[in-house]
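Engineer: Before we start, here is the structure in question, set down as structure tokens.
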Amino acid sequence: MAIPFVYIQARGSYRELGRAVGEGARDAIHASVTFFRDNCSAMTQGRMSFAEAEQAALAYGQEARRWTPGHFEELEGVAEGAGLSLSELLVPNCGEEFTADEPDESGERALAPGGPRSGDHCTAVAVAAGGRHVVGHNMDWYVVDAPNNVMFDLTVPDGTRLMGIAGAPYLLMLAMNSHGVGNVSNSVHSNDNRTGVPNAFVRRASLESASLEAARDCGLLASRARGTNHFFADTRGRLWDVETTATASAFMDHTLVGYMAHTNHYVAAEMAPFEAANAEESPIRLAAAEAILAEGIARGDDPVALVARALRCHDPAPEQAICGHPDDSEPLAEQGMTVGSMICDLDERRVYVCAGPPCENPYQMYEM
């Protein structure tokens with residue numbers, strides 16, 4: 001039986017969009033925030049309680065308010081609609097910043113490596129072949145988000161429409177927009193992290209861009225707190241990767257190859273000095289994804305079916321699989337899984353989404 005999720009369609013000001021999400025997904029938002037409240041100490045390896053995280057989030061929130069004011073208002077609207085304080089929602093939206101297993105701005109490693117912290121099992125894939133342009137993404141995060149997802153269908157103030165799936169308490173960070181731009185970024189581990197605009201806000205700001213150039217510029221926001229991998233595609237067949245840290249970036253153009261994939265480690269040689277993780281499974285997932293895409297394109301497979309096959313992959317082993325499942329032997333605060341999956345057909349403006357692992361849950365299709 002498929003895991004259910006909330007579908008919310010809204011248009012208006014950023015605050016109105018947020019309020020619609022807060023009201024429509026109130027129960028799911030409360031469930032996710034409760035998980036953070038109950039497990040915050042374990043999720044941060046004893047570094048902070050939820051109350052301490054709320055206080056720490058204020059500095060990040062000030063940066064977000066300054067540099068991404070519309071999306072800060074959007075989160076304020078979510079808080080109003082859900083009946084929560086803004087600080088309670090800032091904590092999950094600083095989730096990567098607070099649960100990261102990499103050095104902070106002091107240069108010391110704050111947390112032990114391992115677990116689902118920093119979303120370190122997400123996989124992004126894209127195909128541009130046979131006149132078709134498709135992107136896909138598996139979101140891996142804490143188990144609580146699998147039954148607490150929202151399918152966002154938002155029309156922002158300038159008329160751009162966004163469609164994508166995300167956990168209920170978070171700003172939308174992965175989407176296809178009405179300009180035919182697919183944006184399915186994923187986490188990397190940088191060693192120059194600082195107090196700045198959280199990844200959730202940086203990614204949200206880039207989703208509305210009418211071009212890859214504009215999306216890239218949003219992703220390179222100078223005051224960003226940490227790194228991410230921006231994964232862009234459009235109906236012109238362009239496939240762009242932009243790897244960032246808080247202070248550096250690298251651009252990779254995969255257009256001529258016709259496919260691309262990215263997992264959770266830096267690929268560009270110039271980014272190696274900024275790598276803070278030592279996850280041996282990430283390169284294995286990347287190799288598996290690239291092999292599936294290359295073989296499928298050579299056979300002339302349908303791009304949507306090909307991307308779905310990649311996202312359902314369990315090879316070569318469970319702990320190295322693109323399609324992730326929780327390990328029930330681990331403490332709850334350490335359990336990660338594929339909490340949602342999305343495929344975007346940029347030409348047809350169709351989005352296929354499911355909550356939970358796509359091997360067990362059917363994709364539901366939404367059209368713009």
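Chain labels follow the order of the structure tokens: the first chain is A, the next B, and so on; residue numbering restarts at 1 in every chain, and ligands are counted from 1 in their shown order.
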Among segment 147-318 of chain A, which residues does DSSP mark as strand (DSSP E) when it is run on the backbone? Keep the chain and numbering as in the structure and answer as number ranges by chain.
Structural biologist: A: 149-155, 161-167, 175-177, 181-183, 229-234, 239-244, 249-253, 259-262
Engineer: Could you give me, as a list of chain:residue names, the residues within 7 Å of Phe50 of chain A, counting only C-alpha atoms and dropping anything in the same chain fewer than 2 positions from it?
Structural biologist: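 My list of contacting residues is A:Arg37, A:Cys40, A:Met48, A:Glu52, A:Ala53, A:Glu54.
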Engineer: Take the residues from that selection and put them in a file with C-alpha atoms, as a PDB file, in the first residue's frame.
Structural biologist:
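Output below, filename again-v3.pdb:
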```pdb
ATOM      1  CA  ARG A  37      12.056  18.089  19.603  1.00  0.00           C
ATOM      2  CA  CYS A  40      17.392  16.724  18.832  1.00  0.00           C
ATOM      3  CA  MET A  48      22.264  20.748  21.655  1.00  0.00           C
ATOM      4  CA  GLU A  52      19.224  25.309  22.308  1.00  0.00           C
ATOM      5  CA  ALA A  53      18.715  24.614  18.605  1.00  0.00           C
ATOM      6  CA  GLU A  54      15.858  27.112  18.523  1.00  0.00           C
TER       7      GLU A  54
END
```
Engineer: Excluding segment 249-261 of chain A and any residue of its chain fewer than 6 positions from it, enumerate the residues within 7 Å of it, using only C-alpha atoms, and give them as a VMD selection string.
Structural biologist: chain A and resid 124 to 129 237 to 243 268 271 286 289 to 290 293
Engineer: Take the selection from the previous step and output its residues with C-alpha atoms, as a compact mmCIF listing (two decimals), in the first residue's frame.
Structural biologist:
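Done, and the output landed in again-v1.txt:
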```txt
# COMPACT_ATOMS: atom_id res chain seq x y z
CA ALA A 124 20.09 12.99 -8.31
CA VAL A 125 19.95 11.82 -11.94
CA ALA A 126 19.14 13.42 -15.29
CA VAL A 127 18.74 12.35 -18.92
CA ALA A 128 18.70 14.47 -22.08
CA ALA A 129 18.29 12.05 -24.99
CA GLY A 237 19.07 19.80 -23.09
CA ARG A 238 21.52 21.50 -20.77
CA LEU A 239 22.74 19.49 -17.78
CA TRP A 240 24.61 21.51 -15.18
CA ASP A 241 26.23 20.62 -11.87
CA VAL A 242 27.34 23.42 -9.55
CA GLU A 243 29.21 22.17 -6.49
CA ALA A 268 35.28 18.39 -9.24
CA MET A 271 36.75 20.97 -4.63
CA LEU A 286 27.30 7.50 -8.17
CA ALA A 289 23.59 5.56 -11.23
CA GLU A 290 25.88 6.54 -14.09
CA LEU A 293 21.84 5.81 -17.25
```
Engineer: Any chance you could list, as a list of chain:residue names, the residues in segment 282-319 of chain A that come up helix (DSSP H, G or I) when DSSP is run on the backbone?
Structural biologist: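 Output for segment 282-319 of chain A, helix (DSSP H, G or I) only: A:Ser282, A:Pro283, A:Ile284, A:Arg285, A:Leu286, A:Ala287, A:Ala288, A:Ala289, A:Glu290, A:Ala291, A:Ile292, A:Leu293, A:Ala294, A:Glu295, A:Gly296, A:Ile297, A:Ala298, A:Arg299, A:Pro303, A:Val304, A:Ala305, A:Leu306, A:Val307, A:Ala308, A:Arg309, A:Ala310, A:Leu311, A:Pro318, A:Glu319.
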Engineer: Output N, CA and C atoms for every residue in that selection, as a CSV table (one decimal), in the first residue's frame.
Structural biologist:
```
chain,number,residue,atom,x,y,z
A,282,SER,N,29.1,6.8,-1.1
A,282,SER,CA,28.6,7.8,-2.1
A,282,SER,C,29.2,7.6,-3.5
A,283,PRO,N,30.5,7.3,-3.6
A,283,PRO,CA,31.1,7.1,-5.0
A,283,PRO,C,30.5,5.8,-5.6
A,284,ILE,N,30.1,4.8,-4.7
A,284,ILE,CA,29.5,3.6,-5.2
A,284,ILE,C,28.2,3.8,-5.8
A,285,ARG,N,27.4,4.6,-5.1
A,285,ARG,CA,26.0,5.0,-5.6
A,285,ARG,C,26.2,5.8,-6.9
A,286,LEU,N,27.1,6.7,-7.0
A,286,LEU,CA,27.3,7.5,-8.2
A,286,LEU,C,27.6,6.6,-9.4
A,287,ALA,N,28.6,5.7,-9.2
A,287,ALA,CA,28.9,4.8,-10.3
A,287,ALA,C,27.8,3.9,-10.7
A,288,ALA,N,26.9,3.5,-9.8
A,288,ALA,CA,25.8,2.7,-10.1
A,288,ALA,C,24.8,3.5,-10.9
A,289,ALA,N,24.5,4.7,-10.5
A,289,ALA,CA,23.6,5.6,-11.2
A,289,ALA,C,24.1,5.9,-12.6
A,290,GLU,N,25.3,6.2,-12.8
A,290,GLU,CA,25.9,6.5,-14.1
A,290,GLU,C,25.9,5.3,-15.0
A,291,ALA,N,26.1,4.2,-14.5
A,291,ALA,CA,26.1,3.0,-15.3
A,291,ALA,C,24.7,2.7,-15.8
A,292,ILE,N,23.7,2.8,-15.0
A,292,ILE,CA,22.3,2.5,-15.4
A,292,ILE,C,21.9,3.5,-16.5
A,293,LEU,N,22.2,4.8,-16.3
A,293,LEU,CA,21.8,5.8,-17.2
A,293,LEU,C,22.5,5.6,-18.6
A,294,ALA,N,23.8,5.3,-18.6
A,294,ALA,CA,24.6,5.1,-19.8
A,294,ALA,C,24.1,3.9,-20.6
A,295,GLU,N,23.8,2.8,-19.9
A,295,GLU,CA,23.3,1.6,-20.5
A,295,GLU,C,21.9,1.9,-21.1
A,296,GLY,N,21.1,2.5,-20.4
A,296,GLY,CA,19.7,2.8,-20.8
A,296,GLY,C,19.7,3.7,-22.0
A,297,ILE,N,20.5,4.7,-22.0
A,297,ILE,CA,20.5,5.6,-23.2
A,297,ILE,C,21.0,4.9,-24.4
A,298,ALA,N,22.0,4.0,-24.3
A,298,ALA,CA,22.5,3.2,-25.4
A,298,ALA,C,21.5,2.3,-26.0
A,299,ARG,N,20.6,1.8,-25.1
A,299,ARG,CA,19.5,0.9,-25.6
A,299,ARG,C,18.3,1.7,-26.1
A,303,PRO,N,13.1,7.8,-21.3
A,303,PRO,CA,13.8,8.5,-20.2
A,303,PRO,C,13.1,8.4,-18.9
A,304,VAL,N,11.8,8.5,-18.8
A,304,VAL,CA,11.1,8.5,-17.5
A,304,VAL,C,11.3,7.1,-16.9
A,305,ALA,N,11.1,6.0,-17.7
A,305,ALA,CA,11.3,4.7,-17.2
A,305,ALA,C,12.7,4.4,-16.7
A,306,LEU,N,13.7,5.0,-17.5
A,306,LEU,CA,15.1,4.9,-17.2
A,306,LEU,C,15.4,5.5,-15.8
A,307,VAL,N,15.0,6.7,-15.7
A,307,VAL,CA,15.2,7.5,-14.4
A,307,VAL,C,14.6,6.7,-13.2
A,308,ALA,N,13.4,6.2,-13.4
A,308,ALA,CA,12.7,5.4,-12.4
A,308,ALA,C,13.5,4.2,-12.0
A,309,ARG,N,14.1,3.5,-13.0
A,309,ARG,CA,14.9,2.3,-12.7
A,309,ARG,C,16.1,2.7,-11.9
A,310,ALA,N,16.7,3.8,-12.2
A,310,ALA,CA,17.9,4.2,-11.5
A,310,ALA,C,17.5,4.5,-10.0
A,311,LEU,N,16.4,5.1,-9.8
A,311,LEU,CA,16.0,5.5,-8.5
A,311,LEU,C,15.5,4.3,-7.6
A,318,PRO,N,22.6,-3.2,0.4
A,318,PRO,CA,21.6,-2.3,1.0
A,318,PRO,C,22.2,-1.0,1.5
A,319,GLU,N,23.3,-1.0,2.1
A,319,GLU,CA,23.9,0.2,2.7
A,319,GLU,C,24.5,1.1,1.6
```
Engineer: Quick one: pull the distance between atom CA of Asn183 of chain A and atom CA of Phe232 of chain A, Å, one decimal.
Structural biologist: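 One can read the atom CA of Asn183 of chain A to atom CA of Phe232 of chain A distance as 4.8 Å.
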Engineer: Leaving out Leu154 of chain A and any residue of its chain fewer than 4 positions from it, which residues lie within 10 Å of it when counting only C-alpha atoms, given as a ChimeraX atom specification?
Structural biologist: /A:8-12,14,17-18,20-21,159-164,172,177
Engineer: Neighbouring residues of Ser41 of chain A were defined as those with any atom within 12 Å, considering only C-alpha atoms; residues of the same chain fewer than 2 positions away were excluded. Please report them as a PyMOL selection string.
Structural biologist: chain A and resi 35-39+43-53+98-99+111+333-334
Engineer: Name the residues in contact with Pro4 of chain A at a cut-off of 12 Å, using only C-alpha atoms, excluding same-chain residues fewer than 6 positions from it; report them as a short mmCIF file (atom, residue, chain, number, x, y, z; two decimals) with C-alpha atoms, in the first residue's frame.
Structural biologist:
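Writing the result to selection-v4.cif gives the following:
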```
data_model
loop_
_atom_site.label_atom_id
_atom_site.label_comp_id
_atom_site.auth_asym_id
_atom_site.auth_seq_id
_atom_site.Cartn_x
_atom_site.Cartn_y
_atom_site.Cartn_z
CA ALA A 28 2.30 16.32 9.37
CA ASP A 145 9.53 12.36 6.86
CA ALA A 146 8.35 9.33 4.86
CA PRO A 147 4.75 9.51 6.19
CA ASN A 148 4.88 13.31 6.56
CA ASN A 149 5.50 14.51 3.00
CA VAL A 150 3.81 17.30 1.09
CA MET A 151 3.37 17.59 -2.67
CA VAL A 339 11.67 9.35 2.39
CA GLY A 340 10.45 10.49 -1.03
CA VAL A 353 6.19 11.59 -6.94
CA CYS A 354 5.97 9.01 -4.20
CA ALA A 355 6.48 9.05 -0.45
CA GLY A 356 8.93 6.47 0.81
CA ASN A 361 5.48 2.87 -3.51
CA PRO A 362 3.99 3.76 -6.91
CA TYR A 363 4.65 7.16 -8.44
CA GLN A 364 1.65 9.46 -8.71
#
```
Engineer: Point out the residue among A:Pro157, A:Pro69, A:Gly77, A:Gly167 with the least atom-to-atom distance to Met139 of chain A, counting only C-alpha atoms.
Structural biologist: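 The shortest atom-to-atom distance to Met139 of chain A comes from A:Gly167.
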Engineer: Given the choices A:Asp192, A:Asp302, A:Asp27, A:Asp328, which gets closest to Glu97 of chain A if the distance is worked out from only C-alpha atoms?
Structural biologist: A:Asp192
Engineer: Rounded to one decimal place, report the atom CA of Asn264 of chain A-atom CA of Ala277 of chain A distance in Å.
Structural biologist: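 Interatomic distance here is 8.8 Å.
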Engineer: Of the residues A:Met337, A:Val134, A:Val78, A:Leu220, which is the one nearest to Arg19 of chain A, using only C-alpha atoms?
Structural biologist: A:Val78
Engineer: Between atom CA of Gly324 of chain A and atom CA of Asn138 of chain A, what is the spacing in Å?
Structural biologist: 8.7 Å
Engineer: Excluding Gly61 of chain A and residues on its chain fewer than 3 positions from it, collect all residues at most 8 Å away from it, counting only C-alpha atoms, and give them as a list in words.
Structural biologist: Ala57, Leu58, Ala64, Arg65, Phe72, Leu90 and Val197 of chain A
Engineer: Residues of the last selection are to be written out with C-alpha atoms, as an mmCIF file, in the first residue's frame.
Structural biologist:
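Okay, this is what ended up in out_9.cif:
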```
data_model
loop_
_atom_site.group_PDB
_atom_site.id
_atom_site.type_symbol
_atom_site.label_atom_id
_atom_site.label_comp_id
_atom_site.auth_asym_id
_atom_site.auth_seq_id
_atom_site.Cartn_x
_atom_site.Cartn_y
_atom_site.Cartn_z
ATOM 1 C CA ALA A 57 18.648 29.012 14.619
ATOM 2 C CA LEU A 58 17.910 32.685 15.213
ATOM 3 C CA ALA A 64 17.826 34.282 5.721
ATOM 4 C CA ARG A 65 15.581 37.274 6.466
ATOM 5 C CA PHE A 72 11.667 33.859 5.087
ATOM 6 C CA LEU A 90 13.674 27.181 11.826
ATOM 7 C CA VAL A 197 21.828 31.528 4.916
#
```
